[in-house]
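So this one's coords_19.cif, mmCIF, C-alpha atoms (C1' of nucleotides):
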```cif
data_coords
#
loop_
_atom_site.label_atom_id
_atom_site.label_comp_id
_atom_site.auth_asym_id
_atom_site.auth_seq_id
_atom_site.Cartn_x
_atom_site.Cartn_y
_atom_site.Cartn_z
CA MET A 20 21.61 40.34 -21.57
CA THR A 21 23.91 37.32 -21.48
CA ALA A 22 23.71 34.76 -24.25
CA GLN A 23 21.58 31.83 -23.16
CA PRO A 24 22.85 28.48 -24.36
CA PHE A 25 19.43 26.83 -24.47
CA PRO A 26 16.21 28.16 -26.00
CA VAL A 27 14.21 27.09 -22.98
CA SER A 28 16.18 29.16 -20.51
CA GLU A 29 14.85 32.39 -21.97
CA ILE A 30 11.34 31.16 -21.59
CA VAL A 31 11.96 30.21 -17.98
CA ALA A 32 13.31 33.63 -17.11
CA ALA A 33 10.77 35.74 -18.98
CA GLN A 34 7.66 34.83 -17.00
CA ARG A 35 8.49 35.81 -13.45
CA PRO A 36 6.79 39.09 -12.41
CA HIS A 37 8.75 42.05 -11.07
CA ARG A 38 6.82 43.15 -8.01
CA LYS A 39 7.96 41.52 -4.77
CA ASP A 40 4.69 39.94 -3.63
CA ALA A 41 3.88 38.84 -7.15
CA ALA A 42 7.25 37.15 -7.57
CA ARG A 43 6.81 35.33 -4.27
CA ASN A 44 3.40 34.05 -5.31
CA TYR A 45 4.73 33.02 -8.68
CA ASP A 46 7.44 30.92 -7.06
CA ALA A 47 4.99 29.38 -4.61
CA LEU A 48 2.67 28.45 -7.46
CA ILE A 49 5.42 26.77 -9.45
CA ALA A 50 6.52 24.80 -6.40
CA ALA A 51 2.96 23.78 -5.52
CA ALA A 52 2.26 22.79 -9.12
CA ARG A 53 5.40 20.68 -9.26
CA GLU A 54 4.19 18.84 -6.19
CA ALA A 55 0.64 18.41 -7.43
CA PHE A 56 1.64 17.29 -10.92
CA ALA A 57 4.03 14.79 -9.38
CA GLU A 58 1.27 13.36 -7.20
CA ASN A 59 -1.71 13.50 -9.51
CA GLY A 60 -0.40 13.89 -13.04
CA ALA A 61 -1.16 16.73 -15.41
CA GLU A 62 -4.85 16.71 -14.42
CA ALA A 63 -4.20 17.90 -10.87
CA SER A 64 -6.83 20.31 -9.58
CA LEU A 65 -5.91 23.95 -10.11
CA GLU A 66 -7.81 25.02 -7.03
CA ASP A 67 -5.80 22.52 -5.05
CA ILE A 68 -2.58 23.96 -6.45
CA ALA A 69 -3.64 27.48 -5.47
CA ARG A 70 -4.51 26.22 -1.98
CA ARG A 71 -1.11 24.52 -1.60
CA ALA A 72 0.59 27.71 -2.71
CA GLY A 73 -1.42 29.72 -0.20
CA VAL A 74 -2.84 32.06 -2.83
CA GLY A 75 -6.29 32.66 -4.27
CA ILE A 76 -7.43 30.94 -7.42
CA GLY A 77 -7.53 34.33 -9.11
CA THR A 78 -3.80 34.76 -8.60
CA LEU A 79 -3.14 31.45 -10.24
CA TYR A 80 -5.15 32.44 -13.27
CA ARG A 81 -3.47 35.82 -13.55
CA ASN A 82 -0.04 34.19 -13.69
CA PHE A 83 -1.11 31.25 -15.81
CA PRO A 84 -4.18 31.88 -17.95
CA THR A 85 -4.63 28.18 -18.69
CA ARG A 86 -3.63 24.87 -17.21
CA ARG A 87 -1.29 24.46 -20.11
CA HIS A 88 0.60 27.67 -19.31
CA LEU A 89 1.21 26.44 -15.79
CA PHE A 90 2.26 22.99 -16.85
CA GLU A 91 4.56 24.37 -19.49
CA SER A 92 6.28 26.61 -16.96
CA VAL A 93 6.89 23.73 -14.57
CA TYR A 94 8.06 21.50 -17.36
CA ALA A 95 10.35 24.14 -18.85
CA GLY A 96 11.97 24.61 -15.45
CA GLU A 97 12.77 20.93 -15.21
CA VAL A 98 14.12 20.81 -18.73
CA ASN A 99 16.28 23.81 -18.02
CA ASP A 100 17.75 22.13 -14.96
CA LEU A 101 18.43 18.96 -16.93
CA CYS A 102 20.30 20.96 -19.55
CA ARG A 103 22.57 22.26 -16.81
CA VAL A 104 23.25 18.72 -15.66
CA ALA A 105 24.32 17.75 -19.16
CA GLU A 106 27.03 20.40 -18.99
CA GLU A 107 28.20 19.11 -15.63
CA VAL A 108 28.73 15.54 -16.81
CA ALA A 109 30.25 16.45 -20.17
CA ASP A 110 33.85 15.88 -19.08
CA ARG A 111 33.40 12.24 -18.06
CA GLU A 112 33.99 9.17 -20.17
CA PRO A 113 31.48 8.93 -23.05
CA TRP A 114 29.32 6.10 -21.74
CA GLU A 115 29.57 7.30 -18.15
CA ALA A 116 28.53 10.79 -19.18
CA LEU A 117 25.51 9.58 -21.11
CA THR A 118 24.19 7.17 -18.51
CA SER A 119 24.69 9.44 -15.55
CA TRP A 120 22.75 12.12 -17.37
CA LEU A 121 19.95 9.69 -18.12
CA ARG A 122 19.91 8.48 -14.52
CA ARG A 123 19.61 12.05 -13.41
CA PHE A 124 16.76 12.43 -15.85
CA VAL A 125 14.89 9.57 -14.20
CA ASP A 126 15.62 10.57 -10.63
CA TYR A 127 15.07 14.26 -10.93
CA THR A 128 12.04 14.56 -13.14
CA VAL A 129 9.26 14.99 -10.65
CA THR A 130 6.62 15.47 -13.28
CA LYS A 131 7.04 11.78 -14.01
CA ARG A 132 3.41 11.01 -14.34
CA ALA A 133 2.86 13.88 -16.72
CA ILE A 134 5.96 13.68 -18.84
CA ARG A 135 4.56 10.98 -21.03
CA GLU A 136 1.73 13.15 -22.28
CA ALA A 137 4.10 16.04 -22.81
CA MET A 138 6.11 14.03 -25.32
CA ASP A 139 3.40 14.46 -27.91
CA ASP A 140 2.69 18.10 -27.39
CA GLU A 141 3.49 20.32 -30.34
CA SER A 142 3.17 23.77 -28.80
CA ASP A 143 6.00 26.29 -29.10
CA ILE A 144 7.20 25.82 -25.59
CA PHE A 145 7.32 22.05 -25.76
CA LEU A 146 9.16 22.27 -29.05
CA ALA A 147 11.67 24.61 -27.42
CA CYS A 148 12.00 22.14 -24.55
CA ARG A 149 12.64 19.29 -26.88
CA GLU A 150 15.14 21.31 -28.85
CA SER A 151 17.00 22.17 -25.66
CA MET A 152 16.99 18.53 -24.62
CA TYR A 153 18.47 17.60 -27.97
CA GLN A 154 21.13 20.28 -27.70
CA ALA A 155 22.02 19.14 -24.21
CA GLY A 156 21.76 15.37 -24.41
CA GLY A 157 22.21 14.65 -28.11
CA PRO A 158 25.97 15.29 -28.09
CA LEU A 159 26.40 12.93 -25.14
CA PHE A 160 24.72 10.19 -27.12
CA GLU A 161 26.62 10.89 -30.32
CA ARG A 162 29.89 10.91 -28.46
CA ALA A 163 29.09 7.48 -26.99
CA GLN A 164 28.19 6.25 -30.46
CA LYS A 165 31.43 7.55 -31.96
CA ALA A 166 33.38 5.95 -29.14
CA GLY A 167 31.81 2.67 -30.22
CA GLU A 168 29.90 2.26 -26.95
CA ALA A 169 26.34 2.96 -28.00
CA ARG A 170 24.46 1.21 -30.80
CA THR A 171 24.03 3.23 -33.97
CA ASP A 172 20.73 1.77 -35.17
CA MET A 173 18.68 4.01 -32.91
CA GLY A 174 18.35 7.76 -32.54
CA PHE A 175 18.41 10.09 -29.57
CA ASP A 176 14.64 10.48 -29.69
CA ASP A 177 14.22 6.73 -29.37
CA LEU A 178 16.51 6.73 -26.39
CA VAL A 179 14.74 9.61 -24.67
CA ARG A 180 11.36 7.98 -25.09
CA MET A 181 12.65 4.71 -23.75
CA VAL A 182 13.98 6.40 -20.65
CA ALA A 183 10.86 8.54 -20.32
CA GLY A 184 8.78 5.36 -20.34
CA ILE A 185 10.78 3.93 -17.47
CA THR A 186 10.61 7.27 -15.69
CA ALA A 187 6.85 7.36 -15.87
CA THR A 188 6.29 3.79 -14.73
CA ASN A 189 5.52 2.80 -11.17
CA PHE A 190 8.00 0.44 -9.58
CA LEU A 191 8.05 -1.24 -6.22
CA ASP A 192 10.91 1.00 -5.14
CA ASP A 193 13.77 3.07 -6.51
CA ALA A 194 16.05 0.04 -6.56
CA GLN A 195 13.76 -1.76 -8.99
CA ARG A 196 13.51 1.28 -11.24
CA ASP A 197 17.28 1.51 -11.23
CA LEU A 198 17.71 -2.15 -12.09
CA VAL A 199 15.28 -1.89 -14.99
CA LEU A 200 17.01 1.23 -16.25
CA THR A 201 20.34 -0.59 -16.10
CA VAL A 202 18.94 -3.50 -18.10
CA ALA A 203 17.44 -1.22 -20.73
CA LEU A 204 20.65 0.80 -21.03
CA ASP A 205 22.58 -2.44 -21.47
CA GLY A 206 20.44 -2.89 -24.55
CA VAL A 207 21.66 0.46 -25.82
CA ARG A 208 25.29 -0.47 -25.26
CA THR A 209 27.21 -1.92 -28.15
CA ARG A 210 27.86 -5.63 -27.91
CA THR A 211 31.48 -6.42 -27.22
CA VAL A 212 31.33 -9.54 -29.37
CA MET B 24 -17.01 -27.70 -14.63
CA THR B 25 -13.73 -28.02 -16.46
CA ALA B 26 -10.52 -27.29 -14.62
CA GLN B 27 -9.37 -23.77 -15.36
CA PRO B 28 -5.63 -23.41 -15.78
CA PHE B 29 -5.46 -19.80 -14.61
CA PRO B 30 -7.12 -18.22 -11.57
CA VAL B 31 -8.27 -15.26 -13.60
CA SER B 32 -10.30 -17.30 -16.06
CA GLU B 33 -12.86 -18.23 -13.44
CA ILE B 34 -13.33 -14.61 -12.56
CA VAL B 35 -13.84 -13.70 -16.19
CA ALA B 36 -16.54 -16.32 -16.70
CA ALA B 37 -18.44 -15.81 -13.45
CA GLN B 38 -19.70 -12.27 -14.07
CA ARG B 39 -21.69 -12.52 -17.25
CA PRO B 40 -25.46 -12.52 -16.61
CA HIS B 41 -27.75 -15.27 -17.89
CA ARG B 42 -30.65 -13.44 -19.47
CA LYS B 43 -30.23 -12.69 -23.17
CA ASP B 44 -30.65 -8.92 -23.12
CA ALA B 45 -28.55 -8.61 -19.99
CA ALA B 46 -25.71 -10.62 -21.50
CA ARG B 47 -25.77 -8.46 -24.63
CA ASN B 48 -25.57 -5.30 -22.56
CA TYR B 49 -22.79 -6.77 -20.46
CA ASP B 50 -20.72 -7.49 -23.56
CA ALA B 51 -21.41 -4.05 -25.00
CA LEU B 52 -20.31 -2.43 -21.75
CA ILE B 53 -17.06 -4.36 -21.62
CA ALA B 54 -16.31 -3.46 -25.24
CA ALA B 55 -17.17 0.20 -24.70
CA ALA B 56 -15.11 0.33 -21.52
CA ARG B 57 -12.12 -1.20 -23.29
CA GLU B 58 -12.35 1.52 -25.88
CA ALA B 59 -12.80 4.31 -23.38
CA PHE B 60 -10.03 3.14 -21.06
CA ALA B 61 -7.73 2.86 -24.05
CA GLU B 62 -8.48 6.42 -25.10
CA ASN B 63 -8.73 8.19 -21.77
CA GLY B 64 -7.09 5.98 -19.18
CA ALA B 65 -8.69 4.54 -16.08
CA GLU B 66 -10.48 7.82 -15.34
CA ALA B 67 -12.70 7.63 -18.40
CA SER B 68 -16.24 8.91 -17.81
CA LEU B 69 -18.70 6.17 -16.84
CA GLU B 70 -21.58 8.02 -18.44
CA ASP B 71 -19.61 8.14 -21.64
CA ILE B 72 -19.01 4.41 -21.46
CA ALA B 73 -22.71 3.75 -20.99
CA ARG B 74 -23.46 6.03 -23.95
CA ARG B 75 -20.96 4.21 -26.17
CA ALA B 76 -22.48 0.90 -25.17
CA GLY B 77 -25.95 2.22 -25.99
CA VAL B 78 -27.30 1.49 -22.51
CA GLY B 79 -28.49 3.63 -19.63
CA ILE B 80 -26.18 4.61 -16.83
CA GLY B 81 -28.29 2.52 -14.47
CA THR B 82 -27.48 -0.63 -16.42
CA LEU B 83 -23.80 0.08 -16.10
CA TYR B 84 -24.09 0.43 -12.36
CA ARG B 85 -26.15 -2.74 -12.00
CA ASN B 86 -23.46 -4.77 -13.75
CA PHE B 87 -20.52 -2.97 -12.18
CA PRO B 88 -21.31 -1.34 -8.84
CA THR B 89 -18.11 0.71 -8.92
CA ARG B 90 -15.62 1.97 -11.45
CA ARG B 91 -13.17 -0.51 -10.04
CA HIS B 92 -15.45 -3.48 -10.76
CA LEU B 93 -15.69 -2.43 -14.39
CA PHE B 94 -12.01 -1.80 -14.79
CA GLU B 95 -11.16 -5.09 -13.14
CA SER B 96 -13.42 -6.96 -15.52
CA VAL B 97 -11.84 -5.39 -18.58
CA TYR B 98 -8.37 -5.94 -17.23
CA ALA B 99 -9.06 -9.55 -16.25
CA GLY B 100 -10.28 -10.23 -19.77
CA GLU B 101 -7.06 -8.96 -21.25
CA VAL B 102 -4.94 -10.92 -18.82
CA ASN B 103 -6.92 -14.03 -19.62
CA ASP B 104 -6.29 -13.59 -23.33
CA LEU B 105 -2.59 -13.05 -22.70
CA CYS B 106 -2.41 -16.28 -20.74
CA ARG B 107 -3.81 -18.08 -23.76
CA VAL B 108 -1.13 -16.55 -25.95
CA ALA B 109 1.56 -17.84 -23.61
CA GLU B 110 0.32 -21.37 -24.25
CA GLU B 111 0.37 -20.79 -28.01
CA VAL B 112 4.01 -19.72 -28.12
CA ALA B 113 5.27 -22.31 -25.63
CA ASP B 114 6.61 -24.70 -28.28
CA ARG B 115 9.00 -22.23 -29.88
CA GLU B 116 12.67 -21.71 -29.08
CA PRO B 117 13.14 -20.27 -25.57
CA TRP B 118 14.13 -16.73 -26.50
CA GLU B 119 11.70 -16.61 -29.40
CA ALA B 120 8.86 -17.77 -27.19
CA LEU B 121 9.56 -15.18 -24.50
CA THR B 122 9.95 -12.22 -26.80
CA SER B 123 7.00 -13.01 -29.02
CA TRP B 124 4.83 -13.25 -25.92
CA LEU B 125 6.12 -9.89 -24.69
CA ARG B 126 5.56 -8.32 -28.09
CA ARG B 127 2.03 -9.58 -28.03
CA PHE B 128 1.70 -8.07 -24.58
CA VAL B 129 2.68 -4.67 -25.94
CA ASP B 130 0.59 -4.84 -29.09
CA TYR B 131 -2.53 -6.33 -27.65
CA THR B 132 -2.96 -4.58 -24.35
CA VAL B 133 -5.39 -1.87 -25.22
CA THR B 134 -5.65 -0.62 -21.66
CA LYS B 135 -2.16 0.73 -22.15
CA ARG B 136 -2.74 4.00 -20.47
CA ALA B 137 -4.32 2.36 -17.45
CA ILE B 138 -2.06 -0.61 -17.00
CA ARG B 139 0.55 1.37 -15.17
CA GLU B 140 -1.79 2.24 -12.32
CA ALA B 141 -3.03 -1.34 -12.18
CA MET B 142 0.46 -2.59 -11.37
CA ASP B 143 0.18 -1.26 -7.86
CA ASP B 144 -3.31 -2.38 -7.07
CA GLU B 145 -3.58 -4.94 -4.31
CA SER B 146 -7.20 -6.03 -4.63
CA ASP B 147 -8.09 -9.72 -4.94
CA ILE B 148 -8.75 -9.57 -8.63
CA PHE B 149 -5.54 -7.79 -9.48
CA LEU B 150 -3.62 -10.27 -7.37
CA ALA B 151 -5.29 -13.09 -9.29
CA CYS B 152 -4.37 -11.37 -12.55
CA ARG B 153 -0.79 -11.03 -11.52
CA GLU B 154 -0.67 -14.63 -10.37
CA SER B 155 -2.05 -15.75 -13.72
CA MET B 156 0.51 -13.64 -15.53
CA TYR B 157 3.25 -15.24 -13.51
CA GLN B 158 1.92 -18.70 -14.20
CA ALA B 159 1.70 -17.97 -17.90
CA GLY B 160 4.80 -15.88 -18.56
CA GLY B 161 7.15 -16.85 -15.73
CA PRO B 162 8.00 -20.26 -17.19
CA LEU B 163 8.85 -18.66 -20.54
CA PHE B 164 11.33 -16.40 -18.81
CA GLU B 165 12.82 -19.16 -16.67
CA ARG B 166 13.23 -21.36 -19.68
CA ALA B 167 15.12 -18.60 -21.48
CA GLN B 168 17.29 -18.12 -18.41
CA LYS B 169 18.08 -21.85 -18.17
CA ALA B 170 18.91 -21.90 -21.86
CA GLY B 171 21.48 -19.23 -21.08
CA GLU B 172 19.71 -16.65 -23.21
CA ALA B 173 18.27 -14.30 -20.58
CA ARG B 174 20.21 -12.62 -17.80
CA THR B 175 19.75 -14.09 -14.34
CA ASP B 176 20.23 -10.96 -12.26
CA MET B 177 16.65 -9.81 -12.78
CA GLY B 178 13.27 -11.35 -12.00
CA PHE B 179 10.12 -11.78 -14.00
CA ASP B 180 8.45 -8.92 -12.18
CA ASP B 181 11.26 -6.59 -13.24
CA LEU B 182 10.82 -7.71 -16.82
CA VAL B 183 7.04 -7.25 -16.79
CA ARG B 184 7.31 -3.76 -15.40
CA MET B 185 9.92 -2.82 -17.95
CA VAL B 186 7.69 -3.98 -20.77
CA ALA B 187 4.63 -2.40 -19.17
CA GLY B 188 6.48 0.90 -19.07
CA ILE B 189 7.18 0.71 -22.78
CA THR B 190 3.61 -0.38 -23.41
CA ALA B 191 2.21 2.64 -21.62
CA THR B 192 4.48 5.18 -23.28
CA ASN B 193 3.47 7.23 -26.28
CA PHE B 194 5.66 6.79 -29.32
CA LEU B 195 5.63 8.47 -32.68
CA ASP B 196 4.36 5.26 -34.27
CA ASP B 197 4.31 1.51 -33.79
CA ALA B 198 7.67 1.15 -35.48
CA GLN B 199 9.34 3.31 -32.87
CA ARG B 200 7.70 1.40 -30.03
CA ASP B 201 8.92 -1.81 -31.59
CA LEU B 202 12.47 -0.53 -31.96
CA VAL B 203 12.60 0.59 -28.36
CA LEU B 204 11.21 -2.73 -27.20
CA THR B 205 13.89 -4.52 -29.22
CA VAL B 206 16.61 -2.42 -27.64
CA ALA B 207 15.31 -3.00 -24.14
CA LEU B 208 14.96 -6.74 -24.73
CA ASP B 209 18.53 -6.80 -26.00
CA GLY B 210 19.42 -5.61 -22.53
CA VAL B 211 17.66 -8.64 -21.10
CA ARG B 212 19.52 -11.02 -23.38
CA THR B 213 22.67 -12.62 -22.09
CA ARG B 214 25.86 -11.21 -23.50
CA THR B 215 27.58 -13.63 -25.86
CA VAL B 216 31.02 -12.53 -24.72
"C1'" DA C 14 3.77 60.30 3.31
"C1'" DC C 15 0.88 60.07 -0.96
"C1'" DT C 16 -1.16 57.95 -4.63
"C1'" DG C 17 -1.93 55.44 -8.86
"C1'" DT C 18 -1.67 51.07 -10.38
"C1'" DA C 19 -0.68 46.38 -10.25
"C1'" DA C 20 -1.83 42.44 -7.73
"C1'" DC C 21 -4.85 39.91 -4.61
"C1'" DG C 22 -8.61 36.62 -3.17
"C1'" DG C 23 -12.67 34.23 -3.28
"C1'" DA C 24 -17.72 34.33 -4.27
"C1'" DG C 25 -20.52 32.58 -7.71
"C1'" DG C 26 -22.23 30.82 -12.20
"C1'" DC C 27 -21.43 27.00 -15.19
"C1'" DA C 28 -20.38 22.32 -16.69
"C1'" DA C 29 -19.18 17.56 -15.98
"C1'" DC C 30 -19.49 13.69 -13.50
"C1'" DC C 31 -21.05 10.52 -9.87
"C1'" DC C 32 -24.48 7.52 -8.22
"C1'" DT C 33 -29.37 6.41 -6.50
"C1'" DC C 34 -33.94 5.53 -7.14
"C1'" DC C 35 -38.09 4.05 -9.19
"C1'" DG C 36 -41.70 3.57 -12.80
"C1'" DC C 37 -41.56 1.04 -17.14
"C1'" DT C 38 -40.13 -2.95 -20.19
"C1'" DT C 39 -38.65 -7.50 -21.50
"C1'" DC C 40 -37.62 -12.04 -20.79
"C1'" DA C 41 -38.47 -16.88 -19.87
"C1'" DA C 42 -40.71 -20.39 -17.14
"C1'" DC C 43 -44.91 -22.56 -16.90
"C1'" DG D 9 -50.62 -16.64 -23.34
"C1'" DT D 10 -49.90 -15.29 -18.64
"C1'" DT D 11 -47.23 -13.56 -15.13
"C1'" DG D 12 -43.71 -12.50 -11.87
"C1'" DA D 13 -39.25 -11.32 -11.56
"C1'" DA D 14 -35.17 -9.57 -13.56
"C1'" DG D 15 -33.55 -5.98 -16.17
"C1'" DC D 16 -33.85 -1.32 -18.14
"C1'" DG D 17 -33.16 3.85 -18.60
"C1'" DG D 18 -32.61 8.34 -17.26
"C1'" DA D 19 -34.18 12.14 -14.18
"C1'" DG D 20 -32.31 14.42 -10.39
"C1'" DG D 21 -29.58 15.71 -6.24
"C1'" DG D 22 -24.93 16.20 -4.69
"C1'" DT D 23 -20.03 17.08 -5.46
"C1'" DT D 24 -16.08 18.83 -7.62
"C1'" DG D 25 -13.52 21.56 -10.62
"C1'" DC D 26 -13.20 25.46 -14.07
"C1'" DC D 27 -12.89 30.23 -14.78
"C1'" DT D 28 -14.60 35.27 -14.45
"C1'" DC D 29 -15.31 39.33 -12.18
"C1'" DC D 30 -14.77 42.94 -9.05
"C1'" DG D 31 -14.25 45.11 -4.42
"C1'" DT D 32 -10.13 45.22 -1.49
"C1'" DT D 33 -5.05 45.34 -0.51
"C1'" DA D 34 -0.12 46.19 -1.06
"C1'" DC D 35 3.67 47.80 -3.54
"C1'" DA D 36 6.85 51.30 -5.51
"C1'" DG D 37 7.85 55.73 -7.57
"C1'" DT D 38 7.72 60.55 -6.35
#
```

Would you give me this structure, written as structure tokens?
Amino acid sequence: MTAQPFPVSEIVAAQRPHRKDAARNYDALIAAAREAFAENGAEASLEDIARRAGVGIGTLYRNFPTRRHLFESVYAGEVNDLCRVAEEVADREPWEALTSWLRRFVDYTVTKRAIREAMDDESDIFLACRESMYQAGGPLFERAQKAGEARTDMGFDDLVRMVAGITATNFLDDAQRDLVLTVALDGVRTRTV
Amino acid sequence: MTAQPFPVSEIVAAQRPHRKDAARNYDALIAAAREAFAENGAEASLEDIARRAGVGIGTLYRNFPTRRHLFESVYAGEVNDLCRVAEEVADREPWEALTSWLRRFVDYTVTKRAIREAMDDESDIFLACRESMYQAGGPLFERAQKAGEARTDMGFDDLVRMVAGITATNFLDDAQRDLVLTVALDGVRTRTV
DNA sequence: ACTGTAACGGAGGCAACCCTCCGCTTCAAC
DNA sequence: GTTGAAGCGGAGGGTTGCCTCCGTTACAGT
């Protein structure tokens, strides 16, 4: 067993069943749930998710005993992917690295509508997700702060929530979301007075 | 009939019934709906709202034939109040006036969780609300821009959506929301390079 | 190929919510 | 005080979603 850099990655790997048909259904359910949560938020109908995945409702419940289990699995997958991205951008200039990670956060996170609620969840898995996010993104922020590019009167959690708020908001189009994100990130940048 | 400065104010006044008991119930329903929308978002149960208001479900439906009618009435009331606030702050310094209005926006808007969805609604009432918001807040923003205090590469709509995003996001406490709002507004402020 | 077991699917009971309808109540105009 | 109309409440029928349960199906180890 290889060492996993982030707590959440173990969780992501541990759930998938071994049998071939079961693994296929598991993947289809995750994909369908991602879609449904993106469209309808965390309250999306479970029967609809099963239908999209082309499996019976019973199969959904066997894999994910509660709505929360399913949501957590989808969410953990996204967090895991974001952690990978943080590694990719780590070799860029401090401010560049931080902002391109945050932009990726906004663009990629398909559970936009649901992410806001997840911020307040205190279950084990969400705590692991948040810890992984901190491990992945925190250093990017601290590096920008030490380079004198990011303000030091706010913490990483403040930053993440700010970006999550913009992620979860409806805009006219992607260009508007991007503009607003740019403006907000300008507020994070240290003044070059 | 006195001239109403904002389109939305006429809408707000026109709905309330004349008979004493009916007017009381109408007010109770609006108050209960405000509460429920604040807690549960725009999908709050109508039967629960009627229960909170201490009236039968039939009374709710007589006053507001659809969920949308009810939500629109609550929302229009909040917009109307915000327009008043814009008048109150108009005599302050440009940047001060703008930001204190936006802070009031964040603090006061109790339909936080629902406001995000309302941004994309194209019904008559929501258009009137948005027009009133523009009439009330737009000048504050333009004044700050002309005073050289607010950046000119964004519009009022961009600003409102940014603030609405922060409004609708869950934070650990009010202090954190306020900090994040300050940071984001710093991004709106012109650099004093 | 055989077979035990893990996985499958969806019928069905339950709960919540939506909205209509109508017999009863309350107001206010005279 | 009378009275007609406006307003009231909640029972009830329909819909949707949740979750369990169990007869059937498909995999994988021998």

**Request:** Report as a ChimeraX atom specification the residues that result from applying the PyMOL selection byres ((chain D and resi 13) around 12) to the structure here.
**Result:** /B:42 /C:39-42 /D:11-12,14-15

**Request:** Hey, list the chain A side of the contact with chain C: 10 Å cut-off, only C-alpha atoms (C1' of nucleotides), answer as a ChimeraX atom specification.
**Result:** /A:38,40-41,74-78,81

**Asked** Which residues fall under the PyMOL selection byres ((chain A and resi 114) around 9) in this file, as an MDAnalysis selection string?
**Response** chainID A and resid 111:113 115:119 159:160 162:164 166 168:169 208

**Message:** Since I can't run it myself right now, could you work out what the PyMOL selection byres ((chain A) within 9 of (chain B)) selects here and report it as a PyMOL selection string?
**Reply:** chain A and resi 135-136+138-139+173+177-178+180-181+183-191+195-196+198-208+210-212

**Asked** Just how far from CA of Glu110 in chain B is CA of Val31 in chain B, in Å to one decimal?
**Response** 15.0 Å

**Request:** Between CA of Tyr84 in chain B and CA of Arg153 in chain B, measure the distance and give it in Å to one decimal.
**Result:**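 One can read the CA of Tyr84 in chain B to CA of Arg153 in chain B distance as 26.0 Å.
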
**Request:** Kindly extract all protein, DNA and RNA residues lying within 12 Å of the coordinates (-25.1, 3.0, -26.3) given in the file, considering only C-alpha atoms (C1' of nucleotides), and supply them as a ChimeraX atom specification.
**Result:** /B:47-56,69-80,82-83 /D:17

**Item:** Residue nearest chain D among A:Thr85, A:Gln154, A:Ser28, A:Gln34 (counting only C-alpha atoms (C1' of nucleotides))
**Value:**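 Residue with the minimum atom-to-atom distance to chain D: A:Thr85.
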
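Note that CA of Arg90 in chain B and CA of Ser146 in chain B are 13.5 Å apart.
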
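For the set B:Gly161, B:Asp114, B:Ala99, B:Arg126, the residue with the smallest atom-to-atom gap to Ala36 in chain B is B:Ala99, counting all atoms listed in the file.
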
**Request:** Find the residues of chain D in contact range of chain A, meaning any atom within 12 Å when counting all atoms listed in the file, and list them as an MDAnalysis selection string.
**Result:** chainID D and resid 24:30 33:36

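Considering all atoms listed in the file, the residue among A:Pro36, A:Gly174, A:Gly96, A:Gly60 positioned nearest to Asn82 in chain A is A:Pro36.
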